[in-house]
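Here's the structure we're looking at; comments come further down.
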Amino acid sequence: MTALSKEENRLIRLDRMRYTKNSLSSSLTYLAILFDVLYFVSIYESDVGNWYYNHVIGISVVYNLLFMLIAFLSSEGVKNYKLSYSVVLLALGAGQIARIFYLPMRALSETITRMDPATKQKVTVSIMEKPQFTWVVVCLAVSALCCFAAGAIGVYRSRTLAAYQATLDEQAA
């Protein structure tokens, strides 16, 4: 039995792409969704007066639902080497980075005054403490990184497969 050359191995890998799914990009997208869920659970379980009860949190809820829906749809698209879904994942990653600078940053810098039930005195409380802020920023950053990685891998693999398909079409003609 003879060993295959590097070129033969490369051609075999390319040919296998026609019959296998891009599961790495798809899995990274599911991971991005998971970290988004961890982010919004941390935000929505916060009970600091009524600071969170306004239109901003409503928009955030809608955005989270859209993010998860579009990310799941994109995970199925990149699984089948669709280039447009890879681009959508890159945009979703940018959106996750942008979110860091809106709700978490505002909540970190805001305070409210409320009645302490134990002492019956008014106390000033931060909307979001540093540990929670760090946690939600890490969740959004990891979600964004997963989207960026899934999108970049999807773009690379989609283009590679399209180029290989083109060479096969030329050979057949």
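By order in the structure tokens, chains are A, B, ...; within a chain, residues start at 1; ligands start at 1, following the order shown.
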
Spatial neighbours of A:Ala163, 12 Å, only C-alpha atoms, chain gap at least 5 places, as a PDB file with N, CA, C and O atoms, in the first residue's frame:
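out_24.pdb, written as the output of this step:
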ATOM      1  N   LEU A  14     -11.169  18.005  -0.216  1.00  0.00           N
ATOM      2  CA  LEU A  14     -12.089  18.866  -0.965  1.00  0.00           C
ATOM      3  C   LEU A  14     -13.298  18.077  -1.457  1.00  0.00           C
ATOM      4  O   LEU A  14     -14.429  18.561  -1.389  1.00  0.00           O
ATOM      5  N   ASP A  15     -13.080  16.881  -1.931  1.00  0.00           N
ATOM      6  CA  ASP A  15     -14.187  16.074  -2.438  1.00  0.00           C
ATOM      7  C   ASP A  15     -15.137  15.667  -1.303  1.00  0.00           C
ATOM      8  O   ASP A  15     -16.347  15.620  -1.498  1.00  0.00           O
ATOM      9  N   MET A  17     -15.884  17.440   1.197  1.00  0.00           N
ATOM     10  CA  MET A  17     -16.703  18.600   1.563  1.00  0.00           C
ATOM     11  C   MET A  17     -18.033  18.598   0.820  1.00  0.00           C
ATOM     12  O   MET A  17     -19.029  19.130   1.321  1.00  0.00           O
ATOM     13  N   ARG A  18     -18.065  17.998  -0.351  1.00  0.00           N
ATOM     14  CA  ARG A  18     -19.319  17.957  -1.111  1.00  0.00           C
ATOM     15  C   ARG A  18     -20.362  17.089  -0.430  1.00  0.00           C
ATOM     16  O   ARG A  18     -21.552  17.249  -0.656  1.00  0.00           O
ATOM     17  N   TYR A 156     -14.615  30.875   4.469  1.00  0.00           N
ATOM     18  CA  TYR A 156     -13.477  30.148   3.903  1.00  0.00           C
ATOM     19  C   TYR A 156     -13.923  28.830   3.263  1.00  0.00           C
ATOM     20  O   TYR A 156     -13.581  28.533   2.120  1.00  0.00           O
ATOM     21  N   ARG A 157     -14.693  28.066   4.013  1.00  0.00           N
ATOM     22  CA  ARG A 157     -15.100  26.757   3.497  1.00  0.00           C
ATOM     23  C   ARG A 157     -16.081  26.880   2.324  1.00  0.00           C
ATOM     24  O   ARG A 157     -16.022  26.084   1.389  1.00  0.00           O
ATOM     25  N   SER A 158     -16.965  27.859   2.354  1.00  0.00           N
ATOM     26  CA  SER A 158     -17.905  28.060   1.245  1.00  0.00           C
ATOM     27  C   SER A 158     -17.165  28.408  -0.032  1.00  0.00           C
ATOM     28  O   SER A 158     -17.456  27.866  -1.106  1.00  0.00           O
ATOM     29  N   LEU A 168     -14.437  21.146 -10.992  1.00  0.00           N
ATOM     30  CA  LEU A 168     -15.090  19.911 -11.407  1.00  0.00           C
ATOM     31  C   LEU A 168     -15.996  20.162 -12.600  1.00  0.00           C
ATOM     32  O   LEU A 168     -16.068  19.342 -13.527  1.00  0.00           O
ATOM     33  N   ASP A 169     -16.679  21.314 -12.597  1.00  0.00           N
ATOM     34  CA  ASP A 169     -17.569  21.662 -13.715  1.00  0.00           C
ATOM     35  C   ASP A 169     -16.757  21.879 -14.996  1.00  0.00           C
ATOM     36  O   ASP A 169     -17.189  21.502 -16.085  1.00  0.00           O
ATOM     37  N   GLU A 170     -15.576  22.515 -14.845  1.00  0.00           N
ATOM     38  CA  GLU A 170     -14.712  22.718 -16.005  1.00  0.00           C
ATOM     39  C   GLU A 170     -14.208  21.403 -16.569  1.00  0.00           C
ATOM     40  O   GLU A 170     -14.136  21.219 -17.784  1.00  0.00           O
TER      41      GLU A 170
END

For A:Ser27, list every protein, DNA or RNA residue within 12 Å, evaluated using only C-alpha atoms, and leave out those in the same chain fewer than 3 positions away; present the list as a VMD selection string. chain A and resid 21 to 24 30 to 34 71 to 72 74 to 76 78 to 79 146 to 147 149 to 151 153 to 154

Per-residue DSSP, chain A, filtered to strand (DSSP E), as a PyMOL selection string: chain A and resi 111-115+122-126

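Counting only C-alpha atoms and comparing A:Ala141, A:Val136, A:Leu90, A:Val48, the residue that lies closest to A:Glu110 is A:Val48.
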
Please report, as number ranges by chain, each residue of chain A to which DSSP assigns helix (DSSP H, G or I) when run on this structure's backbone. A: 6-17, 23-44, 55-79, 83-100, 103-109, 130-172

Polymer residues at most 12 Å from A:Val56, only C-alpha atoms, same-chain spacing of 2 or more positions, as a PyMOL selection string: chain A and resi 51-54+58-63+99+102-104+106-107

Write the selection just made, keeping all heavy atoms, as a compact mmCIF listing (two decimals), in the first residue's frame?
# COMPACT_ATOMS: atom_id res chain seq x y z
N TRP A 51 -35.52 50.17 37.36
CA TRP A 51 -34.62 50.70 36.35
C TRP A 51 -34.73 49.92 35.04
O TRP A 51 -34.67 50.50 33.97
CB TRP A 51 -33.18 50.70 36.86
CG TRP A 51 -32.24 51.44 35.96
CD1 TRP A 51 -32.00 52.78 35.99
CD2 TRP A 51 -31.45 50.92 34.90
NE1 TRP A 51 -31.08 53.11 35.02
CE2 TRP A 51 -30.73 52.00 34.33
CE3 TRP A 51 -31.27 49.65 34.36
CZ2 TRP A 51 -29.85 51.83 33.27
CZ3 TRP A 51 -30.39 49.49 33.30
CH2 TRP A 51 -29.69 50.57 32.76
N TYR A 52 -34.86 48.62 35.14
CA TYR A 52 -34.90 47.79 33.94
C TYR A 52 -36.27 47.80 33.25
O TYR A 52 -36.40 47.33 32.14
CB TYR A 52 -34.54 46.34 34.28
CG TYR A 52 -33.06 46.12 34.48
CD1 TYR A 52 -32.55 45.87 35.74
CD2 TYR A 52 -32.18 46.16 33.42
CE1 TYR A 52 -31.20 45.65 35.93
CE2 TYR A 52 -30.83 45.95 33.60
CZ TYR A 52 -30.34 45.69 34.86
OH TYR A 52 -29.00 45.49 35.04
N TYR A 53 -37.30 48.31 33.92
CA TYR A 53 -38.65 48.26 33.37
C TYR A 53 -38.95 49.49 32.52
O TYR A 53 -39.65 50.40 32.92
CB TYR A 53 -39.68 48.12 34.48
CG TYR A 53 -39.43 46.91 35.35
CD1 TYR A 53 -39.13 47.05 36.69
CD2 TYR A 53 -39.46 45.63 34.80
CE1 TYR A 53 -38.89 45.94 37.48
CE2 TYR A 53 -39.21 44.53 35.58
CZ TYR A 53 -38.92 44.68 36.92
OH TYR A 53 -38.68 43.58 37.68
N ASN A 54 -38.40 49.48 31.30
CA ASN A 54 -38.65 50.58 30.37
C ASN A 54 -38.51 50.07 28.94
O ASN A 54 -38.32 48.87 28.72
CB ASN A 54 -37.69 51.76 30.65
CG ASN A 54 -36.23 51.35 30.57
OD1 ASN A 54 -35.86 50.54 29.73
ND2 ASN A 54 -35.41 51.91 31.44
N GLY A 58 -37.37 46.29 26.72
CA GLY A 58 -38.26 45.71 25.71
C GLY A 58 -37.54 45.52 24.39
O GLY A 58 -37.66 44.47 23.75
N ILE A 59 -36.78 46.53 24.00
CA ILE A 59 -35.99 46.41 22.77
C ILE A 59 -34.95 45.31 22.92
O ILE A 59 -34.69 44.55 21.99
CB ILE A 59 -35.34 47.77 22.43
CG1 ILE A 59 -36.42 48.78 22.06
CG2 ILE A 59 -34.32 47.64 21.31
CD1 ILE A 59 -35.93 50.21 21.99
N SER A 60 -34.36 45.21 24.10
CA SER A 60 -33.36 44.17 24.35
C SER A 60 -33.97 42.77 24.24
O SER A 60 -33.35 41.87 23.68
CB SER A 60 -32.76 44.37 25.75
OG SER A 60 -31.82 43.36 26.03
N VAL A 61 -35.16 42.60 24.76
CA VAL A 61 -35.85 41.30 24.66
C VAL A 61 -36.10 40.95 23.19
O VAL A 61 -35.83 39.82 22.75
CB VAL A 61 -37.17 41.31 25.46
CG1 VAL A 61 -38.01 40.09 25.14
CG2 VAL A 61 -36.90 41.39 26.95
N VAL A 62 -36.60 41.91 22.44
CA VAL A 62 -36.87 41.67 21.01
C VAL A 62 -35.56 41.35 20.28
O VAL A 62 -35.51 40.43 19.47
CB VAL A 62 -37.60 42.88 20.38
CG1 VAL A 62 -37.67 42.75 18.87
CG2 VAL A 62 -38.99 43.01 20.98
N TYR A 63 -34.50 42.11 20.59
CA TYR A 63 -33.22 41.85 19.94
C TYR A 63 -32.71 40.44 20.27
O TYR A 63 -32.19 39.75 19.39
CB TYR A 63 -32.16 42.89 20.34
CG TYR A 63 -30.85 42.66 19.62
CD1 TYR A 63 -30.64 43.20 18.37
CD2 TYR A 63 -29.86 41.86 20.17
CE1 TYR A 63 -29.46 42.97 17.69
CE2 TYR A 63 -28.68 41.62 19.50
CZ TYR A 63 -28.48 42.17 18.26
OH TYR A 63 -27.32 41.93 17.59
N ARG A 99 -23.53 45.69 21.62
CA ARG A 99 -24.42 45.60 22.78
C ARG A 99 -23.68 45.83 24.09
O ARG A 99 -24.28 46.28 25.07
CB ARG A 99 -25.10 44.23 22.83
CG ARG A 99 -26.09 44.05 21.72
CD ARG A 99 -26.67 42.68 21.74
NE ARG A 99 -27.65 42.60 22.82
CZ ARG A 99 -28.20 41.47 23.20
NH1 ARG A 99 -27.88 40.33 22.63
NH2 ARG A 99 -29.08 41.46 24.18
N TYR A 102 -23.94 49.40 25.34
CA TYR A 102 -25.22 50.04 25.59
C TYR A 102 -25.77 49.67 26.97
O TYR A 102 -25.55 50.38 27.94
CB TYR A 102 -26.23 49.74 24.48
CG TYR A 102 -27.44 50.61 24.59
CD1 TYR A 102 -27.35 51.98 24.49
CD2 TYR A 102 -28.67 50.07 24.90
CE1 TYR A 102 -28.45 52.80 24.65
CE2 TYR A 102 -29.79 50.88 25.06
CZ TYR A 102 -29.66 52.25 24.94
OH TYR A 102 -30.75 53.05 25.11
N LEU A 103 -26.47 48.57 27.08
CA LEU A 103 -27.15 48.24 28.33
C LEU A 103 -26.18 47.96 29.49
O LEU A 103 -26.32 48.56 30.56
CB LEU A 103 -28.12 47.07 28.11
CG LEU A 103 -29.07 46.77 29.25
CD1 LEU A 103 -29.98 47.95 29.52
CD2 LEU A 103 -29.89 45.55 28.93
N PRO A 104 -25.18 47.10 29.33
CA PRO A 104 -24.28 46.85 30.47
C PRO A 104 -23.53 48.10 30.93
O PRO A 104 -23.41 48.35 32.13
CB PRO A 104 -23.32 45.79 29.95
CG PRO A 104 -24.06 45.10 28.87
CD PRO A 104 -24.91 46.16 28.24
N ARG A 106 -24.43 51.27 30.59
CA ARG A 106 -25.37 52.18 31.25
C ARG A 106 -25.70 51.68 32.65
O ARG A 106 -25.74 52.47 33.60
CB ARG A 106 -26.66 52.29 30.43
CG ARG A 106 -26.56 53.23 29.26
CD ARG A 106 -27.88 53.43 28.58
NE ARG A 106 -28.89 53.93 29.51
CZ ARG A 106 -30.19 53.76 29.33
NH1 ARG A 106 -30.65 53.12 28.29
NH2 ARG A 106 -31.05 54.24 30.20
N ALA A 107 -25.96 50.38 32.77
CA ALA A 107 -26.34 49.83 34.07
C ALA A 107 -25.20 49.92 35.07
O ALA A 107 -25.43 50.11 36.27
CB ALA A 107 -26.79 48.38 33.92

Distance in Å - atom CA of A:Thr111 versus atom CA of A:Ser46: 13.5 Å

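Shortest atom-to-atom contact with A:Leu28 among A:Phe148, A:Gly95, A:Glu45, A:Thr124: A:Phe148, counting only C-alpha atoms.
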
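In this model, the gap between atom CA of A:Met115 and atom CA of A:Pro131 comes to 23.1 Å.
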
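The gap separating atom CA of A:Tyr85 from atom CA of A:Leu69 is 12.7 Å, in Å to one decimal.
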
Pick out the closest residue to A:Ile43 from this set: A:Cys139, A:Ala166, A:Ile70, A:Leu161. Count only C-alpha atoms. A:Cys139
